[in-house]
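Enquirer: So here's upload_36.txt, just compact mmCIF, C-alpha atoms and all ligand atoms:
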# COMPACT_ATOMS: atom_id res chain seq x y z
CA MET A 1 -15.24 -72.09 -55.04
CA LYS A 2 -15.05 -69.24 -52.54
CA THR A 3 -15.74 -66.56 -55.12
CA MET A 4 -18.77 -68.32 -56.57
CA THR A 5 -21.89 -66.76 -55.17
CA SER A 6 -24.71 -67.90 -57.43
CA ILE A 7 -25.87 -71.00 -59.25
CA GLU A 8 -24.96 -69.21 -62.49
CA ASP A 9 -21.36 -68.94 -61.25
CA LEU A 10 -21.31 -72.70 -60.66
CA ARG A 11 -22.87 -73.27 -64.08
CA LYS A 12 -20.17 -71.26 -65.86
CA THR A 13 -17.42 -73.17 -64.07
CA ALA A 14 -19.11 -76.52 -64.74
CA ARG A 15 -19.19 -75.63 -68.43
CA ARG A 16 -15.40 -75.28 -68.42
CA ARG A 17 -14.76 -78.47 -66.42
CA VAL A 18 -17.00 -81.05 -68.07
CA PRO A 19 -16.69 -82.28 -71.69
CA ARG A 20 -19.11 -80.48 -73.92
CA GLN A 21 -21.14 -83.63 -74.71
CA PHE A 22 -22.00 -84.07 -71.05
CA PHE A 23 -22.36 -80.40 -70.13
CA ASP A 24 -24.81 -79.82 -72.97
CA TYR A 25 -26.70 -82.95 -71.96
CA ALA A 26 -27.10 -81.64 -68.41
CA ASP A 27 -27.74 -78.01 -69.31
CA GLY A 28 -29.94 -78.02 -72.38
CA GLY A 29 -33.62 -78.53 -73.12
CA SER A 30 -35.53 -80.24 -75.90
CA TYR A 31 -36.45 -78.93 -79.35
CA SER A 32 -36.59 -75.09 -79.43
CA GLU A 33 -36.08 -74.89 -75.65
CA GLN A 34 -39.25 -72.83 -75.22
CA THR A 35 -40.17 -74.69 -72.03
CA LEU A 36 -36.62 -74.48 -70.68
CA ASN A 37 -36.67 -70.71 -71.12
CA ALA A 38 -40.25 -70.29 -69.88
CA ASN A 39 -39.37 -72.10 -66.65
CA ARG A 40 -36.97 -69.29 -65.78
CA ALA A 41 -38.83 -66.40 -67.38
CA ASP A 42 -42.08 -67.16 -65.57
CA PHE A 43 -40.36 -67.39 -62.18
CA GLU A 44 -38.72 -64.05 -62.89
CA ARG A 45 -41.98 -62.38 -63.87
CA ILE A 46 -43.45 -62.89 -60.41
CA LYS A 47 -42.52 -59.83 -58.38
CA LEU A 48 -42.27 -59.71 -54.62
CA ARG A 49 -42.60 -56.87 -52.09
CA HIS A 50 -40.52 -56.60 -48.98
CA ARG A 51 -42.33 -56.03 -45.71
CA ALA A 52 -40.79 -53.49 -43.34
CA LEU A 53 -40.34 -53.58 -39.59
CA VAL A 54 -41.10 -57.19 -38.76
CA ASP A 55 -38.87 -58.90 -36.19
CA VAL A 56 -37.52 -61.84 -38.19
CA SER A 57 -34.57 -62.56 -35.94
CA GLY A 58 -36.07 -65.90 -34.90
CA ARG A 59 -36.96 -67.10 -38.42
CA THR A 60 -36.44 -70.70 -39.45
CA MET A 61 -36.49 -72.58 -42.74
CA ASN A 62 -37.04 -75.89 -40.92
CA THR A 63 -40.19 -77.65 -41.96
CA GLU A 64 -41.58 -81.15 -42.55
CA LEU A 65 -42.00 -83.26 -45.66
CA PHE A 66 -44.13 -86.37 -45.39
CA GLY A 67 -44.11 -86.05 -41.62
CA LYS A 68 -40.34 -85.91 -41.21
CA PRO A 69 -38.12 -82.88 -40.62
CA VAL A 70 -36.15 -81.15 -43.37
CA SER A 71 -33.83 -78.17 -42.90
CA MET A 72 -35.59 -76.33 -45.74
CA PRO A 73 -38.33 -77.11 -48.29
CA LEU A 74 -35.90 -78.40 -50.92
CA ALA A 75 -34.97 -81.87 -52.18
CA ILE A 76 -32.63 -83.09 -54.89
CA ALA A 77 -34.31 -84.08 -58.16
CA PRO A 78 -33.31 -87.29 -59.92
CA THR A 79 -30.74 -86.69 -62.65
CA GLY A 80 -29.06 -89.50 -64.52
CA ALA A 81 -25.97 -87.38 -65.20
CA ALA A 82 -24.23 -86.70 -61.89
CA GLY A 83 -21.98 -89.71 -62.44
CA LEU A 84 -20.75 -88.17 -65.71
CA CYS A 85 -19.98 -84.83 -64.04
CA TRP A 86 -17.94 -86.38 -61.22
CA HIS A 87 -16.77 -89.88 -60.37
CA GLU A 88 -19.74 -91.50 -58.61
CA GLY A 89 -21.34 -88.06 -58.66
CA GLU A 90 -24.65 -89.40 -57.36
CA LEU A 91 -22.94 -90.54 -54.19
CA GLU A 92 -21.28 -87.13 -53.74
CA LEU A 93 -24.63 -85.42 -54.25
CA ALA A 94 -26.41 -87.79 -51.89
CA LYS A 95 -23.78 -87.15 -49.19
CA ALA A 96 -24.18 -83.40 -49.62
CA ALA A 97 -27.96 -83.75 -49.29
CA ALA A 98 -27.61 -85.85 -46.13
CA LYS A 99 -25.25 -83.25 -44.66
CA ALA A 100 -27.71 -80.49 -45.57
CA LYS A 101 -30.61 -82.51 -44.11
CA ILE A 102 -32.68 -82.59 -47.26
CA PRO A 103 -33.87 -85.63 -49.26
CA PHE A 104 -31.95 -86.96 -52.24
CA THR A 105 -33.57 -88.74 -55.19
CA LEU A 106 -31.61 -91.41 -57.04
CA ALA A 107 -32.47 -91.76 -60.73
CA THR A 108 -33.08 -95.11 -62.41
CA GLY A 109 -30.27 -94.21 -64.83
CA ALA A 110 -27.70 -93.34 -62.15
CA MET A 111 -24.11 -94.48 -62.44
CA THR A 112 -23.82 -95.46 -58.79
CA GLY A 113 -25.63 -98.46 -57.36
CA MET A 114 -28.51 -97.85 -54.97
CA GLU A 115 -27.09 -100.14 -52.29
CA LYS A 116 -23.88 -98.10 -52.15
CA ILE A 117 -25.87 -94.86 -51.92
CA ALA A 118 -27.96 -96.32 -49.10
CA GLN A 119 -24.90 -97.50 -47.22
CA GLU A 120 -22.94 -94.25 -47.44
CA ALA A 121 -25.65 -91.58 -47.56
CA GLY A 122 -28.76 -93.32 -46.27
CA PRO A 123 -30.71 -93.28 -43.00
CA GLY A 124 -27.65 -94.64 -41.15
CA VAL A 125 -25.92 -91.28 -41.61
CA GLY A 126 -29.09 -89.15 -41.40
CA GLY A 127 -29.90 -89.19 -45.13
CA ARG A 128 -33.38 -89.42 -46.59
CA LEU A 129 -33.45 -91.34 -49.87
CA TRP A 130 -36.08 -91.36 -52.60
CA PHE A 131 -35.89 -93.59 -55.67
CA GLN A 132 -37.05 -92.46 -59.11
CA LEU A 133 -38.46 -95.08 -61.44
CA TYR A 134 -38.80 -95.22 -65.19
CA VAL A 135 -41.35 -97.91 -65.91
CA TRP A 136 -40.11 -100.24 -68.63
CA ASN A 137 -42.09 -102.30 -71.09
CA LYS A 138 -40.80 -105.37 -69.34
CA ARG A 139 -42.60 -104.49 -66.09
CA GLU A 140 -40.99 -107.31 -64.15
CA MET A 141 -37.66 -105.45 -64.38
CA SER A 142 -39.23 -102.36 -62.83
CA TYR A 143 -40.77 -104.41 -60.04
CA GLN A 144 -37.37 -105.92 -59.27
CA LEU A 145 -35.87 -102.45 -59.07
CA ILE A 146 -38.38 -101.21 -56.53
CA GLU A 147 -37.95 -104.33 -54.42
CA ARG A 148 -34.24 -103.58 -54.30
CA ALA A 149 -34.91 -99.94 -53.40
CA HIS A 150 -37.21 -101.02 -50.59
CA ARG A 151 -34.67 -103.49 -49.24
CA ALA A 152 -31.96 -100.82 -49.39
CA GLY A 153 -34.04 -98.47 -47.20
CA PHE A 154 -35.36 -95.90 -49.70
CA GLU A 155 -38.37 -94.20 -48.08
CA ALA A 156 -40.11 -92.97 -51.22
CA LEU A 157 -40.74 -94.09 -54.77
CA ILE A 158 -41.16 -91.46 -57.47
CA VAL A 159 -42.68 -92.76 -60.70
CA THR A 160 -41.81 -90.45 -63.58
CA VAL A 161 -44.70 -90.19 -66.04
CA ASP A 162 -43.62 -87.42 -68.43
CA THR A 163 -41.03 -89.34 -70.45
CA ILE A 164 -43.22 -91.84 -72.26
CA VAL A 165 -41.44 -91.27 -75.58
CA PRO A 166 -37.79 -90.27 -76.01
CA PRO A 167 -37.50 -86.50 -76.48
CA ASN A 168 -35.37 -84.89 -79.15
CA ARG A 169 -32.51 -82.93 -77.62
CA GLU A 170 -30.93 -81.68 -80.78
CA TYR A 171 -27.51 -80.84 -79.29
CA ASN A 172 -27.13 -84.49 -78.24
CA THR A 173 -27.35 -85.55 -81.87
CA HIS A 174 -24.97 -82.78 -82.95
CA ASN A 175 -22.50 -83.80 -80.20
CA GLY A 176 -22.83 -87.52 -80.94
CA PHE A 177 -24.23 -88.22 -77.47
CA ILE A 178 -26.91 -90.69 -78.50
CA ALA A 179 -27.88 -94.24 -77.59
CA PRO A 180 -26.31 -96.69 -78.02
CA TYR A 181 -23.34 -94.65 -76.84
CA LYS A 182 -20.18 -95.09 -78.89
CA PRO A 183 -17.22 -92.84 -78.05
CA ASN A 184 -16.23 -91.14 -81.31
CA VAL A 185 -13.65 -88.66 -82.63
CA THR A 186 -15.67 -85.69 -81.37
CA PHE A 187 -15.61 -87.23 -77.90
CA ALA A 188 -11.85 -87.89 -78.08
CA LEU A 189 -11.19 -84.24 -78.98
CA ASP A 190 -13.62 -83.11 -76.29
CA ILE A 191 -11.74 -85.15 -73.68
CA MET A 192 -8.38 -83.77 -74.77
CA ARG A 193 -9.71 -80.32 -73.93
CA HIS A 194 -10.71 -81.55 -70.44
CA PRO A 195 -7.68 -83.39 -69.03
CA VAL A 196 -8.70 -82.86 -65.40
CA TRP A 197 -12.09 -84.46 -66.05
CA PHE A 198 -10.32 -87.28 -67.89
CA THR A 199 -8.07 -88.00 -64.90
CA ASN A 200 -10.54 -87.41 -62.10
CA VAL A 201 -13.64 -88.92 -63.63
CA LEU A 202 -13.13 -91.19 -66.62
CA MET A 203 -9.83 -92.76 -65.48
CA LYS A 204 -11.34 -93.60 -62.10
CA TYR A 205 -14.11 -95.52 -63.83
CA LEU A 206 -11.79 -97.13 -66.37
CA THR A 207 -9.43 -98.40 -63.68
CA THR A 208 -12.28 -99.85 -61.59
CA ILE A 209 -15.41 -100.85 -63.50
CA GLY A 210 -14.53 -99.82 -67.07
CA MET A 211 -16.84 -97.38 -68.88
CA PRO A 212 -19.48 -95.78 -66.62
CA ARG A 213 -22.64 -97.86 -66.60
CA ASN A 214 -26.26 -97.67 -65.54
CA GLU A 215 -25.46 -99.42 -62.29
CA ASN A 216 -29.05 -99.97 -61.23
CA TYR A 217 -30.12 -101.76 -64.39
CA PRO A 218 -30.13 -105.58 -64.44
CA ASP A 219 -26.61 -106.84 -65.25
CA GLU A 220 -27.27 -107.63 -68.90
CA TYR A 221 -28.51 -104.07 -69.62
CA LYS A 222 -26.01 -101.94 -67.71
CA ARG A 223 -23.72 -100.95 -70.58
CA LEU A 224 -24.37 -97.56 -72.19
CA ASP A 225 -23.23 -98.91 -75.57
CA ARG A 226 -25.66 -101.80 -75.50
CA ASP A 227 -27.18 -102.08 -78.96
CA GLU A 228 -28.57 -105.59 -79.16
CA PRO A 229 -31.85 -105.67 -81.09
CA GLY A 230 -34.78 -105.18 -78.77
CA THR A 231 -33.08 -102.75 -76.37
CA TYR A 232 -35.53 -99.97 -77.23
CA GLU A 233 -38.50 -102.33 -77.03
CA LEU A 234 -37.40 -103.35 -73.57
CA THR A 235 -37.16 -99.87 -72.12
CA ARG A 236 -39.97 -98.14 -74.02
CA GLN A 237 -42.52 -96.52 -71.75
CA ASP A 238 -45.46 -95.58 -73.92
CA SER A 239 -47.79 -98.19 -72.44
CA LEU A 240 -47.54 -96.63 -68.96
CA ASN A 241 -51.03 -95.91 -67.57
CA TRP A 242 -53.04 -95.49 -64.38
CA ASP A 243 -53.33 -99.27 -63.84
CA ASP A 244 -49.56 -99.25 -63.34
CA ILE A 245 -49.95 -96.68 -60.59
CA ARG A 246 -52.46 -98.97 -58.90
CA ILE A 247 -49.92 -101.80 -59.07
CA PHE A 248 -47.12 -99.63 -57.69
CA ARG A 249 -49.43 -98.53 -54.89
CA ASP A 250 -50.00 -102.19 -54.00
CA LYS A 251 -46.35 -103.13 -54.24
CA TRP A 252 -44.68 -100.11 -52.64
CA PRO A 253 -45.26 -99.80 -48.89
CA GLY A 254 -43.62 -96.39 -48.52
CA ILE A 255 -44.33 -92.89 -49.80
CA LEU A 256 -45.48 -92.95 -53.44
CA MET A 257 -45.12 -89.92 -55.70
CA ILE A 258 -45.81 -89.24 -59.37
CA LYS A 259 -43.43 -86.88 -61.13
CA GLY A 260 -44.44 -84.98 -64.23
CA ILE A 261 -47.98 -83.75 -63.52
CA ASN A 262 -49.04 -80.50 -65.13
CA ARG A 263 -52.84 -80.53 -65.11
CA PRO A 264 -55.36 -80.46 -62.25
CA ASP A 265 -57.42 -83.43 -63.52
CA ASP A 266 -54.33 -85.66 -63.46
CA ALA A 267 -53.52 -84.42 -59.96
CA LEU A 268 -57.05 -85.26 -58.80
CA LYS A 269 -56.76 -88.71 -60.32
CA ALA A 270 -53.53 -89.27 -58.39
CA ILE A 271 -55.54 -88.86 -55.18
CA GLU A 272 -57.99 -91.58 -56.31
CA TYR A 273 -55.06 -93.91 -56.85
CA GLY A 274 -53.70 -93.46 -53.34
CA VAL A 275 -50.63 -91.45 -54.33
CA ASP A 276 -49.03 -89.47 -51.47
CA GLY A 277 -47.40 -86.70 -53.49
CA ILE A 278 -47.07 -85.25 -56.97
CA VAL A 279 -44.25 -83.34 -58.56
CA VAL A 280 -45.55 -80.57 -60.80
CA SER A 281 -42.80 -80.77 -63.38
CA ASN A 282 -42.04 -80.50 -67.08
CA HIS A 283 -38.75 -82.35 -66.57
CA GLY A 284 -36.81 -79.09 -66.59
CA GLY A 285 -37.85 -78.40 -70.19
CA ARG A 286 -36.09 -81.56 -71.37
CA ASN A 287 -39.02 -83.49 -72.79
CA MET A 288 -42.12 -82.02 -74.43
CA ASP A 289 -41.51 -78.48 -75.64
CA SER A 290 -44.06 -75.63 -75.61
CA VAL A 291 -45.32 -76.90 -72.25
CA VAL A 292 -46.54 -74.47 -69.62
CA ALA A 293 -43.82 -73.51 -67.10
CA SER A 294 -44.24 -75.49 -63.87
CA ILE A 295 -44.61 -72.36 -61.77
CA ASP A 296 -47.54 -71.33 -64.01
CA ALA A 297 -49.19 -74.74 -63.85
CA LEU A 298 -48.84 -74.91 -60.06
CA PRO A 299 -51.62 -72.65 -58.63
CA GLU A 300 -54.48 -74.39 -60.42
CA ILE A 301 -53.20 -77.81 -59.41
CA ALA A 302 -52.49 -76.86 -55.79
CA GLU A 303 -55.95 -75.33 -55.47
CA ALA A 304 -57.61 -78.44 -56.92
CA VAL A 305 -55.94 -80.92 -54.56
CA GLY A 306 -55.75 -78.80 -51.41
CA GLU A 307 -54.28 -80.75 -48.51
CA ARG A 308 -55.18 -84.17 -49.93
CA LEU A 309 -51.68 -84.84 -51.20
CA THR A 310 -48.27 -83.20 -51.02
CA VAL A 311 -47.55 -80.92 -53.96
CA ILE A 312 -43.90 -80.45 -54.91
CA LEU A 313 -42.67 -78.31 -57.80
CA ASP A 314 -39.64 -78.53 -60.02
CA SER A 315 -38.29 -77.03 -63.24
CA GLY A 316 -36.36 -73.79 -63.24
CA VAL A 317 -35.46 -73.40 -59.55
CA ARG A 318 -32.15 -71.48 -59.46
CA ARG A 319 -32.72 -68.95 -56.66
CA GLY A 320 -33.91 -69.07 -53.07
CA SER A 321 -36.65 -66.60 -54.01
CA ASP A 322 -38.00 -69.24 -56.42
CA ILE A 323 -38.73 -71.47 -53.42
CA ALA A 324 -40.70 -68.66 -51.78
CA LYS A 325 -42.70 -68.14 -55.00
CA ALA A 326 -43.48 -71.85 -55.27
CA LEU A 327 -44.51 -72.11 -51.62
CA ALA A 328 -46.73 -69.05 -51.94
CA LEU A 329 -48.50 -70.70 -54.87
CA GLY A 330 -49.23 -73.91 -52.99
CA ALA A 331 -46.15 -76.16 -53.16
CA LYS A 332 -44.91 -77.78 -49.98
CA ALA A 333 -41.37 -77.98 -51.34
CA VAL A 334 -39.34 -77.81 -54.54
CA LEU A 335 -36.83 -80.10 -56.24
CA THR A 336 -33.79 -78.84 -58.02
CA GLY A 337 -32.03 -80.72 -60.79
CA ARG A 338 -29.45 -78.66 -62.63
CA SER A 339 -28.42 -76.35 -59.74
CA THR A 340 -26.88 -79.16 -57.72
CA LEU A 341 -25.65 -80.90 -60.85
CA TYR A 342 -23.53 -77.84 -61.69
CA GLY A 343 -22.25 -77.88 -58.10
CA THR A 344 -21.35 -81.57 -58.34
CA ALA A 345 -19.49 -80.94 -61.60
CA VAL A 346 -17.46 -78.17 -59.95
CA GLY A 347 -16.52 -79.92 -56.71
CA GLY A 348 -18.22 -83.26 -56.02
CA GLU A 349 -19.78 -83.34 -52.56
CA ALA A 350 -18.35 -79.93 -51.59
CA GLY A 351 -19.66 -78.39 -54.81
CA ALA A 352 -23.11 -79.89 -54.38
CA PHE A 353 -23.17 -78.65 -50.78
CA LYS A 354 -22.14 -75.22 -51.99
CA ALA A 355 -25.07 -75.15 -54.45
CA ILE A 356 -27.50 -76.14 -51.70
CA ASN A 357 -26.05 -73.47 -49.42
CA ILE A 358 -26.32 -70.75 -52.07
CA ILE A 359 -30.03 -71.52 -52.45
CA ARG A 360 -30.44 -71.85 -48.68
CA THR A 361 -28.89 -68.45 -48.00
CA GLU A 362 -30.99 -66.79 -50.69
CA PHE A 363 -34.17 -68.40 -49.37
CA ASP A 364 -33.37 -67.30 -45.83
CA LYS A 365 -32.86 -63.72 -46.98
CA THR A 366 -36.08 -63.81 -49.02
CA MET A 367 -37.97 -64.93 -45.90
CA ALA A 368 -36.36 -62.10 -43.94
CA TYR A 369 -37.09 -59.41 -46.55
CA THR A 370 -40.70 -60.51 -46.95
CA GLY A 371 -41.27 -60.63 -43.19
CA CYS A 372 -41.79 -64.39 -42.83
CA ASN A 373 -40.59 -66.21 -39.74
CA ARG A 374 -41.80 -69.66 -40.79
CA THR A 375 -42.29 -71.31 -44.13
CA ASP A 376 -46.05 -71.62 -43.60
CA GLU A 377 -46.24 -67.82 -43.36
CA ILE A 378 -45.22 -67.59 -47.02
CA THR A 379 -48.37 -66.84 -49.02
CA THR A 380 -49.29 -64.78 -52.08
CA ASP A 381 -49.27 -61.82 -49.70
CA ILE A 382 -45.55 -61.53 -50.51
CA PHE A 383 -46.39 -60.87 -54.20
CA PHE A 384 -46.73 -57.50 -55.83
CA GLY A 385 -50.20 -57.54 -57.37
CA ASP A 386 -52.22 -60.68 -57.30
CA TYR A 387 -50.91 -63.62 -59.20
CA GLY A 388 -53.98 -63.57 -61.44
CA SER A 389 -53.06 -60.15 -62.75
CA ASN A 390 -49.46 -61.31 -63.25
CA ARG A 391 -50.79 -64.10 -65.44
CA MET A 392 -52.90 -61.68 -67.47
CA ALA A 393 -49.92 -59.44 -67.92
CA ARG A 394 -47.98 -62.41 -69.21
CA GLY A 395 -50.81 -63.38 -71.54
CA SER A 396 -50.88 -59.96 -73.11
CA ALA A 397 -47.09 -59.66 -73.29
C1 LIG A 401 -29.09 -84.08 -66.74
C2 LIG A 401 -30.47 -84.38 -66.24
C3 LIG A 401 -30.88 -85.70 -66.13
C4 LIG A 401 -32.16 -85.98 -65.66
N1 LIG A 401 -32.54 -87.28 -65.49
C5 LIG A 401 -33.76 -87.56 -64.99
C6 LIG A 401 -34.15 -88.90 -64.72
O1 LIG A 401 -33.37 -89.83 -64.93
N2 LIG A 401 -35.39 -89.11 -64.23
C7 LIG A 401 -36.27 -88.08 -63.98
O2 LIG A 401 -37.39 -88.32 -63.52
N3 LIG A 401 -35.90 -86.81 -64.20
C8 LIG A 401 -34.69 -86.52 -64.69
N4 LIG A 401 -34.33 -85.23 -64.90
C9 LIG A 401 -35.28 -84.16 -64.60
C10 LIG A 401 -35.11 -83.69 -63.15
O3 LIG A 401 -35.49 -84.66 -62.25
C11 LIG A 401 -35.95 -82.44 -62.88
O4 LIG A 401 -37.28 -82.67 -63.22
C12 LIG A 401 -35.43 -81.21 -63.61
O5 LIG A 401 -34.03 -81.21 -63.68
C13 LIG A 401 -35.92 -79.96 -62.91
O6 LIG A 401 -35.53 -78.82 -63.58
P1 LIG A 401 -34.23 -77.96 -63.21
O7 LIG A 401 -33.07 -78.69 -63.76
O8 LIG A 401 -34.49 -76.69 -63.92
O9 LIG A 401 -34.17 -77.84 -61.71
C14 LIG A 401 -33.05 -84.93 -65.35
C15 LIG A 401 -32.62 -83.61 -65.44
C16 LIG A 401 -31.34 -83.32 -65.87
C17 LIG A 401 -30.90 -81.88 -65.95
Once you've parsed the file, please lay out its structure as structure tokens.
Expert:
Amino acid sequence: MKTMTSIEDLRKTARRRVPRQFFDYADGGSYSEQTLNANRADFERIKLRHRALVDVSGRTMNTELFGKPVSMPLAIAPTGAAGLCWHEGELELAKAAAKAKIPFTLATGAMTGMEKIAQEAGPGVGGRLWFQLYVWNKREMSYQLIERAHRAGFEALIVTVDTIVPPNREYNTHNGFIAPYKPNVTFALDIMRHPVWFTNVLMKYLTTIGMPRNENYPDEYKRLDRDEPGTYELTRQDSLNWDDIRIFRDKWPGILMIKGINRPDDALKAIEYGVDGIVVSNHGGRNMDSVVASIDALPEIAEAVGERLTVILDSGVRRGSDIAKALALGAKAVLTGRSTLYGTAVGGEAGAFKAINIIRTEFDKTMAYTGCNRTDEITTDIFFGDYGSNRMARGSA
């Protein structure tokens, strides 16, 4: 890993190490991937200026999130795929986050149980854990999940609201990676091309629990190949609405966030419902396509809510300079999904830590170049031109 110096380096290596079905699942976007591409392109269009002759020798990336210290304004986004990239990949990722002193979010669909994560990477070892929830039709199941998360010591609940219908990720269909999951000939050939993954990941599951499972689901629904009639009905999410948020606010005593906001009126409504934070996110371009890039949606939302709740951004963060851009436009922190997933695929905990450190180093240098000693000094002053004119330039491009 020594020679890998960017997230793109980790991505290329991950592509070689993980079977194609799973790499494509982690890497790709939905439909024509317009949102996936816009997430990167719109970050890259924002240009910075360096500021000369400022003493930045005492600079620090340390800041606070929800009143508690973090070593930088970054947290790990929930991704249901870390356990396919590495044996118990979520645990590896959570340990790396704890070591790096940033929060880790466990996804509902993770392949490692939340109690194990809490025990090995939770507050006892300095970790901060958030739990991401998909709200199922059978609400009682979702309530049971959050009770477990609370008991296990998770400090925050993130309700994801942008996945109300299953998206079409066309490569999944082409690769045969669709629910209910049935290993097929394509998968067998794919595995033969990835013997190290077979030994280090799949065999470890097969010799312990069998095929990887959604470990946080109730027992009868854990299997990925579950195809009993009614499975879709059970997990469908299209009845999710603001009354649910009210119920989660009543039930969840900790920090409550909504993930998947991309309009100011929804953000303002979240305040009415007692939500503590929102994640401005388009799910990394994996759900609805042709959606505005998160970095473009951010300024209007941040301006509308001001200090009344914590605004976090995700979708497209691959560089430390992206964090500076998001902070300048009103985010308090960012989440990253794929960056640390690539790292996990390359080297488990060490690989995830490497990904975090790449972003950390880049962010530190961006702060230095732009003359910022503290994260709250990062404003649109670091931009070339005002952001409004950047947006017009994009509109006319
Ligand atoms: C493989 C993969 C699985 C994901 N699974 C979930 C999930 O289970 N729940 C969720 O809220 N978001 C999920 N996401 C979305 C991430 O939380 C996050 O919004 C997104 O990855 C951010 O974009 P980025 O990958 O460009 O950083 C997933 C993303 C990826 C790449």
Enquirer: Quick one: residues within 9 Å of ligand LIG 401 (chain A), with all atoms listed in the file, as an MDAnalysis selection string?
Expert: chainID A and resid 22:29 36 39:40 76:82 105:110 132:134 158:163 259:260 279:286 313:318 334:341
Enquirer: Fewer than 4 positions away in the same chain doesn't count, so skip those; otherwise give me all residues within 8 Å of A:Val56, counting only C-alpha atoms, as a PDB file with C-alpha atoms, keeping the file's coordinate frame.
Expert:
ATOM      1  CA  ALA A 368     -36.360 -62.100 -43.940  1.00  0.00           C
ATOM      2  CA  GLY A 371     -41.270 -60.630 -43.190  1.00  0.00           C
ATOM      3  CA  CYS A 372     -41.790 -64.390 -42.830  1.00  0.00           C
ATOM      4  CA  ASN A 373     -40.590 -66.210 -39.740  1.00  0.00           C
TER       5      ASN A 373
END
Enquirer: Find the distance between atom CA of A:Arg246 and atom CA of A:Phe104 and write it in Å to one decimal.
Expert: 24.7 Å
Enquirer: Give as an mmCIF file with C-alpha atoms, keeping the file's coordinate frame the set of residues within 9 Å of the point (-31.6, -99.9, -67.7), where distances use the file's coordinates and all atoms listed in the file.
Expert:
data_model
loop_
_atom_site.group_PDB
_atom_site.id
_atom_site.type_symbol
_atom_site.label_atom_id
_atom_site.label_comp_id
_atom_site.auth_asym_id
_atom_site.auth_seq_id
_atom_site.Cartn_x
_atom_site.Cartn_y
_atom_site.Cartn_z
ATOM 1 C CA THR A 108 -33.080 -95.110 -62.410
ATOM 2 C CA GLY A 109 -30.270 -94.210 -64.830
ATOM 3 C CA TYR A 134 -38.800 -95.220 -65.190
ATOM 4 C CA TRP A 136 -40.110 -100.240 -68.630
ATOM 5 C CA MET A 141 -37.660 -105.450 -64.380
ATOM 6 C CA ASN A 214 -26.260 -97.670 -65.540
ATOM 7 C CA GLU A 215 -25.460 -99.420 -62.290
ATOM 8 C CA ASN A 216 -29.050 -99.970 -61.230
ATOM 9 C CA TYR A 217 -30.120 -101.760 -64.390
ATOM 10 C CA PRO A 218 -30.130 -105.580 -64.440
ATOM 11 C CA ASP A 219 -26.610 -106.840 -65.250
ATOM 12 C CA GLU A 220 -27.270 -107.630 -68.900
ATOM 13 C CA TYR A 221 -28.510 -104.070 -69.620
ATOM 14 C CA LYS A 222 -26.010 -101.940 -67.710
ATOM 15 C CA ARG A 223 -23.720 -100.950 -70.580
ATOM 16 C CA LEU A 224 -24.370 -97.560 -72.190
ATOM 17 C CA LEU A 234 -37.400 -103.350 -73.570
ATOM 18 C CA THR A 235 -37.160 -99.870 -72.120
#
Enquirer: Out of A:Ser6, A:Ser239, A:Ser294, A:Thr186, which residue has the shortest atom-to-atom distance to A:His174 when counting only C-alpha atoms?
Expert: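 Closest candidate: A:Thr186.
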Enquirer: Using all atoms listed in the file, which of the listed residues (A:Glu362, A:Phe384, A:Gln237, A:Thr370) sits closest to A:Val54?
Expert: A:Thr370
Enquirer: Of the residues A:Arg193, A:Ala302, A:Ala14, A:Ile117, which is the one nearest to A:Met1, using all atoms listed in the file?
Expert: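 For A:Met1, the nearest of the candidates is A:Ala14.
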Enquirer: So which one's closest to A:Pro166, A:Ser32, A:Asn262, A:Asn287, A:Asn184? Using all atoms listed in the file, please.
Expert: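 Closest to A:Pro166 of all the choices is A:Asn287.
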Enquirer: Quick one: of A:Asp376, A:Gly351, A:Arg20, A:Thr13, who's nearest to A:Asp190, counting all atoms listed in the file?
Expert: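 Using all atoms listed in the file, A:Asp190 sits closest to A:Arg20.
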Enquirer: Which is closest to A:Asn168 among A:Leu309, A:Met288, A:Ile209, A:Cys85, if we use all atoms listed in the file?
Expert: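 Once distances to A:Asn168 are computed over all atoms listed in the file, the minimum belongs to A:Met288.
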Enquirer: Could you please determine the separation between atom CA of A:Gly122 and atom CA of A:Met257 in Å, to one decimal place?
Expert: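 If I compute the distance from atom CA of A:Gly122 to atom CA of A:Met257, I get 19.2 Å.
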Enquirer: List as a VMD selection string the protein and nucleic acid residues near A:Pro253, meaning an atom at most 10 Å away when all atoms listed in the file are counted, but skip any in the same chain fewer than 2 places from it.
Expert: chain A and resid 150 155 to 157 248 to 251 255 to 256
